[in-house]
$ cat model06.txt   # compact mmCIF, C-alpha atoms
# COMPACT_ATOMS: atom_id res chain seq x y z
CA MET K 1 105.28 99.85 73.36
CA GLU K 2 107.81 101.82 75.40
CA THR K 3 110.96 100.11 76.63
CA LEU K 4 112.38 100.42 80.12
CA PRO K 5 115.42 102.45 78.99
CA GLN K 6 113.03 104.88 77.24
CA ILE K 7 110.86 105.22 80.35
CA TYR K 8 113.93 105.67 82.56
CA ALA K 9 115.32 108.37 80.21
CA ALA K 10 111.97 110.19 80.23
CA ARG K 11 111.88 110.25 84.03
CA VAL K 12 115.43 111.53 84.19
CA ALA K 13 114.46 114.25 81.71
CA ASP K 14 111.46 115.36 83.76
CA GLY K 15 113.41 115.30 87.04
CA THR K 16 111.59 112.36 88.59
CA LEU K 17 114.85 110.37 88.65
CA HIS K 18 118.53 111.30 88.75
CA HIS K 19 120.67 109.91 85.97
CA ASP K 20 122.95 107.16 87.22
CA ALA K 21 125.25 105.35 84.81
CA ALA K 22 125.31 102.21 86.97
CA GLN K 23 121.52 102.00 87.00
CA GLU K 24 121.40 102.65 83.26
CA ALA K 25 123.91 99.84 82.70
CA VAL K 26 121.63 97.17 84.23
CA LEU K 27 118.42 98.37 82.56
CA PRO K 28 118.99 96.13 79.50
CA GLU K 29 118.63 93.07 81.76
CA PHE K 30 115.23 94.24 82.99
CA GLU K 31 114.28 95.17 79.42
CA ARG K 32 115.31 91.72 78.14
CA ILE K 33 112.85 90.12 80.57
CA ARG K 34 110.10 92.69 79.93
CA ALA K 35 110.34 92.20 76.18
CA ALA K 36 110.13 88.41 76.49
CA LEU K 37 107.19 88.51 78.89
CA THR K 38 105.16 90.89 76.73
CA ILE K 39 105.28 88.60 73.67
CA PRO K 40 101.72 87.23 73.37
CA VAL K 41 101.48 83.53 74.21
CA LYS K 42 99.74 81.76 71.34
CA ARG K 43 97.46 79.11 72.68
CA GLY K 44 96.38 75.88 71.05
CA PHE K 45 96.53 72.11 71.50
CA PHE K 46 99.71 71.69 69.45
CA ARG K 47 101.38 74.94 70.49
CA LYS K 48 104.18 74.72 73.02
CA ALA K 49 104.59 77.59 75.45
CA PRO K 50 107.76 79.57 74.74
CA GLU K 51 110.75 78.96 76.97
CA PRO K 52 110.73 81.63 79.72
CA PRO K 53 113.67 84.03 79.74
CA LYS K 54 116.37 83.81 82.37
CA GLY K 55 115.54 85.85 85.44
CA LEU K 56 117.75 88.41 87.17
CA TYR K 57 119.65 88.53 90.46
CA LEU K 58 120.65 92.16 91.03
CA TRP K 59 122.96 92.76 93.96
CA GLY K 60 124.87 95.71 95.34
CA GLY K 61 125.27 98.08 98.26
CA VAL K 62 122.33 99.61 100.07
CA GLY K 63 120.75 102.76 98.69
CA ARG K 64 122.01 102.29 95.14
CA GLY K 65 118.59 102.13 93.51
CA LYS K 66 117.95 98.37 93.24
CA SER K 67 114.45 98.61 94.73
CA MET K 68 113.66 101.66 92.59
CA LEU K 69 114.58 99.75 89.41
CA MET K 70 112.52 96.79 90.59
CA ASP K 71 109.54 99.08 91.20
CA LEU K 72 109.91 100.59 87.72
CA PHE K 73 110.15 97.13 86.14
CA VAL K 74 107.01 95.88 87.94
CA GLU K 75 105.12 99.11 87.19
CA VAL K 76 105.79 98.70 83.47
CA LEU K 77 104.81 95.00 83.48
CA VAL K 78 101.53 95.84 85.21
CA ALA K 79 100.84 98.62 82.70
CA GLN K 80 101.55 96.18 79.87
CA GLN K 81 99.24 93.59 81.46
CA VAL K 82 101.85 91.00 82.36
CA PRO K 83 100.83 88.98 85.45
CA VAL K 84 103.50 89.87 88.00
CA ARG K 85 103.79 89.89 91.76
CA ARG K 86 106.24 91.98 93.80
CA VAL K 87 106.93 91.02 97.41
CA HIS K 88 109.61 91.58 100.05
CA PHE K 89 111.56 88.37 100.51
CA HIS K 90 111.04 88.21 104.30
CA ALA K 91 107.29 88.60 103.92
CA PHE K 92 107.26 85.97 101.16
CA MET K 93 109.04 83.37 103.29
CA GLN K 94 106.60 84.00 106.15
CA GLU K 95 103.78 83.31 103.70
CA ILE K 96 105.48 80.07 102.59
CA HIS K 97 105.91 78.83 106.16
CA ARG K 98 102.24 79.54 106.91
CA GLY K 99 101.29 77.62 103.79
CA LEU K 100 103.51 74.69 104.76
CA HIS K 101 101.93 74.57 108.22
CA ALA K 102 98.43 74.49 106.70
CA ALA K 103 99.42 71.84 104.14
CA ARG K 104 100.89 69.58 106.82
CA LYS K 105 97.75 69.92 108.92
CA SER K 106 95.67 68.86 105.91
CA GLY K 107 97.82 65.72 105.52
CA ALA K 108 99.58 66.64 102.26
CA GLU K 109 102.26 64.08 101.39
CA ASP K 110 104.58 66.80 100.07
CA ALA K 111 103.59 70.00 101.86
CA LEU K 112 105.66 72.23 99.58
CA ALA K 113 103.98 71.15 96.32
CA PRO K 114 100.54 72.72 96.94
CA VAL K 115 102.16 75.84 98.40
CA ALA K 116 104.38 76.30 95.34
CA ARG K 117 101.45 75.68 92.97
CA GLU K 118 99.47 78.40 94.73
CA VAL K 119 102.38 80.85 94.44
CA ALA K 120 102.90 80.11 90.73
CA LYS K 121 99.20 80.26 89.88
CA ASP K 122 98.25 83.15 87.59
CA ILE K 123 101.67 84.85 87.50
CA ARG K 124 104.47 84.88 84.96
CA CYS K 125 106.98 86.87 86.99
CA LEU K 126 107.80 86.92 90.70
CA ALA K 127 109.80 89.95 91.85
CA PHE K 128 111.54 89.67 95.22
CA ASP K 129 113.09 92.59 97.01
CA GLU K 130 116.06 92.12 99.35
CA MET K 131 116.70 88.40 99.23
CA GLN K 132 118.68 87.29 102.25
CA ILE K 133 118.77 83.94 103.98
CA THR K 134 119.49 84.07 107.71
CA ASP K 135 117.29 81.28 109.03
CA ILE K 136 117.95 77.54 108.75
CA THR K 137 114.27 76.82 108.02
CA ASP K 138 114.29 79.28 105.10
CA ALA K 139 117.54 77.77 103.81
CA MET K 140 116.07 74.28 103.79
CA VAL K 141 112.90 75.35 101.94
CA VAL K 142 113.99 77.92 99.40
CA GLY K 143 115.91 75.62 97.01
CA ARG K 144 113.03 73.21 96.38
CA LEU K 145 110.57 76.10 96.22
CA PHE K 146 112.52 77.79 93.45
CA GLU K 147 112.77 74.50 91.56
CA PHE K 148 108.95 74.31 91.60
CA LEU K 149 108.67 77.90 90.39
CA PHE K 150 111.13 77.42 87.53
CA GLU K 151 109.40 74.20 86.46
CA ALA K 152 106.11 76.15 86.36
CA GLY K 153 107.72 78.67 84.00
CA VAL K 154 107.77 81.55 86.51
CA VAL K 155 110.51 84.11 85.88
CA VAL K 156 112.22 85.23 89.08
CA VAL K 157 113.73 88.69 89.48
CA THR K 158 115.33 89.54 92.80
CA THR K 159 117.48 92.16 94.49
CA SER K 160 119.96 91.53 97.29
CA ASN K 161 122.71 93.27 99.20
CA ARG K 162 124.83 90.12 98.86
CA VAL K 163 126.46 88.29 95.95
CA PRO K 164 124.85 84.82 95.64
CA ASP K 165 127.92 83.04 97.03
CA ASP K 166 127.50 85.00 100.28
CA LEU K 167 123.86 84.00 100.88
CA TYR K 168 123.48 82.15 104.18
CA LYS K 169 127.21 82.63 104.71
CA ASP K 170 128.52 80.69 107.74
CA GLY K 171 125.00 79.33 108.30
CA LEU K 172 124.25 76.00 109.95
CA ASN K 173 124.57 73.06 107.50
CA ARG K 174 125.35 75.51 104.71
CA GLN K 175 126.56 72.69 102.46
CA LEU K 176 122.91 71.68 102.03
CA PHE K 177 122.21 75.17 100.71
CA LEU K 178 124.92 75.20 98.02
CA PRO K 179 122.76 73.55 95.30
CA PHE K 180 120.43 76.56 95.54
CA ILE K 181 123.33 78.92 94.81
CA ARG K 182 124.15 76.81 91.74
CA LEU K 183 120.48 76.96 90.72
CA ILE K 184 120.59 80.77 90.86
CA ALA K 185 123.63 80.78 88.55
CA GLU K 186 121.79 78.48 86.12
CA LYS K 187 118.39 80.21 86.05
CA LEU K 188 119.20 83.87 86.74
CA VAL K 189 121.59 86.36 85.24
CA VAL K 190 123.67 87.72 88.13
CA ARG K 191 124.53 91.42 87.88
CA GLU K 192 126.06 93.87 90.31
CA LEU K 193 124.69 97.40 90.60
CA PHE K 194 127.95 99.16 91.30
CA SER K 195 127.28 102.80 91.98
CA PRO K 196 129.35 105.12 94.19
CA ARG K 197 126.22 107.04 95.15
CA ASP K 198 124.04 106.04 98.10
CA TYR K 199 120.66 107.65 97.37
CA ARG K 200 119.17 106.68 100.71
CA GLN K 201 122.03 108.44 102.48
CA ASP K 202 121.67 111.39 100.12
CA ARG K 203 118.07 111.80 101.26
CA LEU K 204 119.26 111.89 104.86
CA SER K 205 122.46 113.86 104.25
CA GLY K 206 122.60 116.80 106.61
CA ALA K 207 119.14 116.00 107.96
CA GLN K 208 118.30 115.75 111.64
CA VAL K 209 118.06 112.10 112.72
CA PHE K 210 117.64 112.40 116.51
CA PHE K 211 114.61 114.33 117.76
CA THR K 212 114.05 115.44 121.34
CA PRO K 213 111.84 115.68 123.25
CA ALA K 214 109.54 112.96 121.91
CA ASN K 215 106.42 115.02 121.28
CA GLU K 216 103.98 115.85 118.50
CA ARG K 217 106.51 118.04 116.72
CA SER K 218 109.06 115.21 116.71
CA ARG K 219 106.46 112.77 115.44
CA ALA K 220 105.53 115.14 112.61
CA GLU K 221 109.21 115.45 111.62
CA ILE K 222 109.66 111.68 111.68
CA ASP K 223 106.51 111.28 109.58
CA LYS K 224 108.21 113.48 106.98
CA VAL K 225 111.33 111.30 107.04
CA TRP K 226 109.22 108.14 106.68
CA GLU K 227 107.39 109.68 103.72
CA GLN K 228 110.68 110.66 102.13
CA LEU K 229 112.25 107.20 102.51
CA THR K 230 109.25 104.99 101.76
CA GLY K 231 106.70 107.17 99.96
CA GLY K 232 104.45 106.59 102.98
CA GLN K 233 104.19 102.90 102.20
CA GLY K 234 104.72 100.23 104.80
CA ALA K 235 103.31 96.99 106.13
CA PRO K 236 103.97 94.92 109.25
CA LEU K 237 106.87 92.50 108.99
CA THR K 238 107.30 89.33 111.03
CA LEU K 239 110.84 88.03 111.51
CA VAL K 240 111.05 84.39 112.56
CA VAL K 241 113.93 83.95 115.00
CA ASN K 242 114.51 80.54 116.58
CA LYS K 243 110.89 79.64 115.78
CA ARG K 244 109.60 82.78 117.53
CA ALA K 245 107.84 85.68 115.83
CA VAL K 246 109.32 89.17 116.15
CA GLU K 247 106.83 91.77 114.94
CA ILE K 248 108.00 94.97 113.24
CA PRO K 249 104.99 97.33 112.99
CA ALA K 250 105.97 98.94 109.66
CA PHE K 251 108.53 98.02 107.01
CA HIS K 252 109.20 99.01 103.39
CA ASN K 253 112.27 98.59 101.18
CA GLY K 254 114.69 98.06 104.04
CA VAL K 255 113.26 100.83 106.24
CA ALA K 256 111.70 99.67 109.53
CA ARG K 257 109.60 101.74 111.93
CA ALA K 258 108.71 100.89 115.52
CA ARG K 259 108.22 102.41 118.95
CA PHE K 260 110.58 101.82 121.85
CA TYR K 261 108.21 99.45 123.63
CA ASP K 262 107.65 97.41 120.44
CA LEU K 263 111.31 96.40 120.54
CA CYS K 264 112.46 96.92 124.11
CA GLY K 265 109.28 96.41 126.12
CA ARG K 266 109.04 92.77 125.04
CA PRO K 267 111.36 89.90 126.06
CA LEU K 268 113.62 90.13 123.00
CA GLY K 269 117.32 89.31 122.94
CA PRO K 270 120.49 89.62 120.85
CA ALA K 271 119.35 87.13 118.17
CA ASP K 272 116.16 89.12 117.60
CA TYR K 273 118.01 92.40 117.26
CA LEU K 274 120.59 90.84 114.94
CA ALA K 275 117.77 89.60 112.71
CA LEU K 276 116.30 93.11 112.63
CA ALA K 277 119.71 94.61 111.81
CA GLU K 278 120.04 92.09 108.97
CA ALA K 279 116.61 92.91 107.54
CA ALA K 280 116.67 96.71 107.89
CA ARG K 281 119.18 99.26 106.68
CA VAL K 282 117.30 102.10 108.37
CA LEU K 283 115.42 101.88 111.69
CA ILE K 284 113.04 104.63 112.80
CA LEU K 285 112.63 104.18 116.57
CA GLU K 286 110.14 106.44 118.31
CA ASP K 287 109.41 107.45 121.89
CA ILE K 288 112.57 106.37 123.69
CA PRO K 289 111.75 107.26 127.33
CA GLN K 290 113.93 108.43 130.19
CA LEU K 291 115.78 105.33 131.40
CA GLY K 292 116.55 104.27 134.96
CA ARG K 293 115.52 102.00 137.84
CA SER K 294 111.86 101.90 136.84
CA ASN K 295 112.55 100.39 133.41
CA PHE K 296 115.89 98.68 133.98
CA ASN K 297 115.08 95.61 131.85
CA GLU K 298 113.86 97.74 128.96
CA ALA K 299 117.05 99.83 129.21
CA LYS K 300 119.21 96.69 129.03
CA ARG K 301 117.39 95.58 125.89
CA PHE K 302 117.83 99.04 124.40
CA VAL K 303 121.60 98.81 124.95
CA THR K 304 121.63 95.42 123.20
CA LEU K 305 119.54 96.80 120.33
CA ILE K 306 121.87 99.77 119.80
CA ASP K 307 124.91 97.47 119.85
CA ALA K 308 123.35 95.31 117.11
CA LEU K 309 122.46 98.34 114.99
CA TYR K 310 125.89 99.89 115.51
CA GLU K 311 127.83 96.77 114.51
CA ALA K 312 125.66 96.33 111.40
CA ARG K 313 125.96 100.05 110.56
CA VAL K 314 122.20 100.47 110.41
CA GLN K 315 121.04 104.09 110.10
CA LEU K 316 119.04 105.06 113.21
CA ILE K 317 116.42 107.79 113.22
CA ALA K 318 114.92 108.29 116.66
CA SER K 319 112.80 110.42 118.95
CA ALA K 320 113.67 110.41 122.65
CA ALA K 321 112.84 112.05 125.94
CA ALA K 322 116.33 113.58 126.13
CA GLU K 323 119.65 113.84 124.33
CA PRO K 324 121.71 110.61 124.44
CA GLU K 325 123.93 111.73 127.32
CA MET K 326 120.90 112.59 129.46
CA LEU K 327 118.76 109.52 128.78
CA TYR K 328 120.16 107.40 131.62
CA VAL K 329 121.69 109.54 134.34
CA GLU K 330 121.13 107.56 137.54
CA GLY K 331 120.63 104.05 138.81
CA ALA K 332 122.32 100.72 138.12
CA GLY K 333 123.64 100.66 134.58
CA ALA K 334 124.00 104.43 134.21
CA PHE K 335 127.79 104.22 133.98
CA GLU K 336 127.67 101.41 131.41
CA PHE K 337 125.18 103.43 129.37
CA GLU K 338 127.87 105.99 128.60
CA ARG K 339 129.13 103.76 125.79
CA THR K 340 125.60 103.51 124.36
CA ALA K 341 125.23 107.30 124.54
CA SER K 342 128.51 107.67 122.68
CA ARG K 343 127.32 105.26 119.99
CA LEU K 344 124.01 107.08 119.68
CA ARG K 345 125.92 110.31 119.17
CA GLU K 346 128.23 108.72 116.56
CA MET K 347 125.23 107.29 114.73
CA GLN K 348 123.97 110.85 114.21
CA SER K 349 127.14 111.87 112.36
CA GLU K 350 127.24 112.69 108.66
CA GLY K 351 127.78 109.59 106.55
CA TRP K 352 126.92 107.08 109.27
CA GLY K 353 125.52 103.86 107.83
CA ARG K 354 127.23 104.16 104.45
CA ASP K 355 127.89 100.78 102.90
CA GLU K 356 131.51 99.80 103.42
CA ASP K 357 131.73 97.05 100.79

$ encode --input "model06.txt" --output "structure tokens"
Amino acid sequence: METLPQIYAARVADGTLHHDAAQEAVLPEFERIRAALTIPVKRGFFRKAPEPPKGLYLWGGVGRGKSMLMDLFVEVLVAQQVPVRRVHFHAFMQEIHRGLHAARKSGAEDALAPVAREVAKDIRCLAFDEMQITDITDAMVVGRLFEFLFEAGVVVVTTSNRVPDDLYKDGLNRQLFLPFIRLIAEKLVVRELFSPRDYRQDRLSGAQVFFTPANERSRAEIDKVWEQLTGGQGAPLTLVVNKRAVEIPAFHNGVARARFYDLCGRPLGPADYLALAEAARVLILEDIPQLGRSNFNEAKRFVTLIDALYEARVQLIASAAAEPEMLYVEGAGAFEFERTASRLREMQSEGWGRDED
């Protein structure tokens, strides 16, 4: 049975992966879990199930290969017939809240118990990508949920851009969340993936990121970028902001894709755009129209969106009716848009969006 370091080395040798010493250094943690989970469980009335191994909390800057290592880990577990589920953390929490709503409607005394049992059923490992807690409702649920999972013997492996102590940082009633951080330290091995190389930026390095005009040729070029960043994968993502649903049409491994009217044609505000900037490290935004009197409200939202992306240093890839300086040339707000145009231009520069931590 091949080990993860052996599989990683083989893929480096055949050119599928680039060798990275930082990635190689954390592989033993994934291998430790793989080896434990592939030991056959002997069944019988007097046989006690083996103690599950500690999980893994892998954190580090964006684009360092955390999701790639997670994918490799899950791929190997599936091939070796270990029941495992991989899910993006945002999508998982949406699933939990839907389950809680249904359980409450059915009159369950403890709504979380049946939801957690359903999650733990038939799996031995739960792999989360991009754990981040930005919502008070998630913060209040996630600690008890993980307690249920650990009690059921489920091994949790997760990636995050933040060290555990920074989860839900400065959040409302954060003191109620601190026991969860202690639970992570108890049940998961915490490791940093410290690599100087940002592979996501490398894929975009020197590439065009602003396409004009927004036509079939631009769409074809953006399709290529999406394929390059996500392998063509993607599923809708719902962000819950102040109990409202914000729909992102396509999302995969921190890369979001939407059209202008998906984000600016709806009554969204700063909190919605901040939640998007927290969830995504790359936003592909298509079909930005000419802006002016006829779509003044949409233009105001666009300015707010760009401010949120800029402050969070999110990489923007866009198609638009014109170059930034020519998008909004007349009407109320045209003068104020000059700052947005300048930011759009800066966000096209080489190295924009690199992690600063």

$ residues_around --input "model06.txt" --residues "K:Arg86" --least-positions-apart "3" --cutoff "12 Å" --atoms "all atoms listed in the file" --output "list in words"
Ser67, Met70, Asp71, Leu72, Phe73, Val74, Glu75, Leu77, Val78, Pro83, Phe89, Ala91, Phe92, Val119, Ile123, Arg124, Cys125, Leu126, Ala127, Phe128, Asp129, Glu130, Val155, Val156, Val157, Thr158, Thr159 and Asn253 of chain K

$ residues_around --input "model06.txt" --residues "stretch 3-20 of chain K" --least-positions-apart "4" --cutoff "7 Å" --atoms "all atoms listed in the file" --output "list of chain:residue names"
K:Glu24, K:Leu27, K:Glu31

$ write_last_selection --input "model06.txt" --atoms "C-alpha atoms" --output "compact mmCIF listing (two decimals), in the frame of the given file"
# COMPACT_ATOMS: atom_id res chain seq x y z
CA GLU K 24 121.40 102.65 83.26
CA LEU K 27 118.42 98.37 82.56
CA GLU K 31 114.28 95.17 79.42

$ closest_residue --input "model06.txt" --among "K:Asp138, K:Val209, K:Phe150, K:Gln348" --to "K:Leu176" --atoms "all atoms listed in the file"
K:Asp138

$ closest_residue --input "model06.txt" --among "K:His88, K:Asn295, K:Val142, K:Ala207" --to "K:Val255" --atoms "all atoms listed in the file"
K:His88

$ atom_distance --input "model06.txt" --atom1 "atom CA of K:Leu305" --atom2 "atom CA of K:Leu274"
8.1 Å

$ closest_residue --input "model06.txt" --among "K:Glu216, K:Glu221, K:Asp135, K:Glu278" --to "K:Arg174" --atoms "all atoms listed in the file"
K:Asp135

$ residues_around --input "model06.txt" --residues "K:Arg293" --least-positions-apart "4" --cutoff "8 Å" --atoms "all atoms listed in the file" --output "PyMOL selection string"
chain K and resi 330-332

$ axis_aligned_box --input "model06.txt" --around "stretch 161-171 of chain K" --padding-each-side "8 Å" --output "AutoDock Vina command-line options"
--center_x 125.6 --center_y 86.3 --center_z 102.0 --size_x 21.8 --size_y 29.9 --size_z 28.7

$ atom_distance --input "model06.txt" --atom1 "atom CA of K:Leu283" --atom2 "atom CA of K:Arg257"
5.8 Å

$ residues_near_point --input "model06.txt" --point "(107.9, 107.8, 105.6)" --cutoff "10 Å" --atoms "only C-alpha atoms" --output "VMD selection string"
chain K and resid 221 to 234 250 to 252 255 to 257 284

$ write_last_selection --input "model06.txt" --atoms "C-alpha atoms" --output "tab-separated table (two decimals), in the coordinates of the input"
chain	number	residue	atom	x	y	z
K	221	GLU	CA	109.21	115.45	111.62
K	222	ILE	CA	109.66	111.68	111.68
K	223	ASP	CA	106.51	111.28	109.58
K	224	LYS	CA	108.21	113.48	106.98
K	225	VAL	CA	111.33	111.30	107.04
K	226	TRP	CA	109.22	108.14	106.68
K	227	GLU	CA	107.39	109.68	103.72
K	228	GLN	CA	110.68	110.66	102.13
K	229	LEU	CA	112.25	107.20	102.51
K	230	THR	CA	109.25	104.99	101.76
K	231	GLY	CA	106.70	107.17	99.96
K	232	GLY	CA	104.45	106.59	102.98
K	233	GLN	CA	104.19	102.90	102.20
K	234	GLY	CA	104.72	100.23	104.80
K	250	ALA	CA	105.97	98.94	109.66
K	251	PHE	CA	108.53	98.02	107.01
K	252	HIS	CA	109.20	99.01	103.39
K	255	VAL	CA	113.26	100.83	106.24
K	256	ALA	CA	111.70	99.67	109.53
K	257	ARG	CA	109.60	101.74	111.93
K	284	ILE	CA	113.04	104.63	112.80

$ residues_around --input "model06.txt" --residues "K:Asn161" --least-positions-apart "4" --cutoff "7 Å" --atoms "only C-alpha atoms" --output "PyMOL selection string"
chain K and resi 59-62+130

$ closest_residue --input "model06.txt" --among "K:Tyr273, K:Phe30, K:Tyr57, K:Phe180" --to "K:Ala139" --atoms "all atoms listed in the file"
K:Phe180

$ closest_residue --input "model06.txt" --among "K:Ala35, K:Ile181, K:Val190, K:Thr340" --to "K:Gly55" --atoms "all atoms listed in the file"
K:Val190

$ atom_distance --input "model06.txt" --atom1 "atom CA of K:Thr38" --atom2 "atom CA of K:Ala21"
26.0 Å

$ residues_around --input "model06.txt" --residues "stretch 301-303 of chain K" --least-positions-apart "6" --cutoff "8 Å" --atoms "only C-alpha atoms" --output "list in words"
Cys264, Leu268, Gly269, Phe337 and Thr340 of chain K

$ write_last_selection --input "model06.txt" --atoms "C-alpha atoms" --output "PDB file, in the frame of the given file"
ATOM      1  CA  CYS K 264     112.460  96.920 124.110  1.00  0.00           C
ATOM      2  CA  LEU K 268     113.620  90.130 123.000  1.00  0.00           C
ATOM      3  CA  GLY K 269     117.320  89.310 122.940  1.00  0.00           C
ATOM      4  CA  PHE K 337     125.180 103.430 129.370  1.00  0.00           C
ATOM      5  CA  THR K 340     125.600 103.510 124.360  1.00  0.00           C
TER       6      THR K 340
END
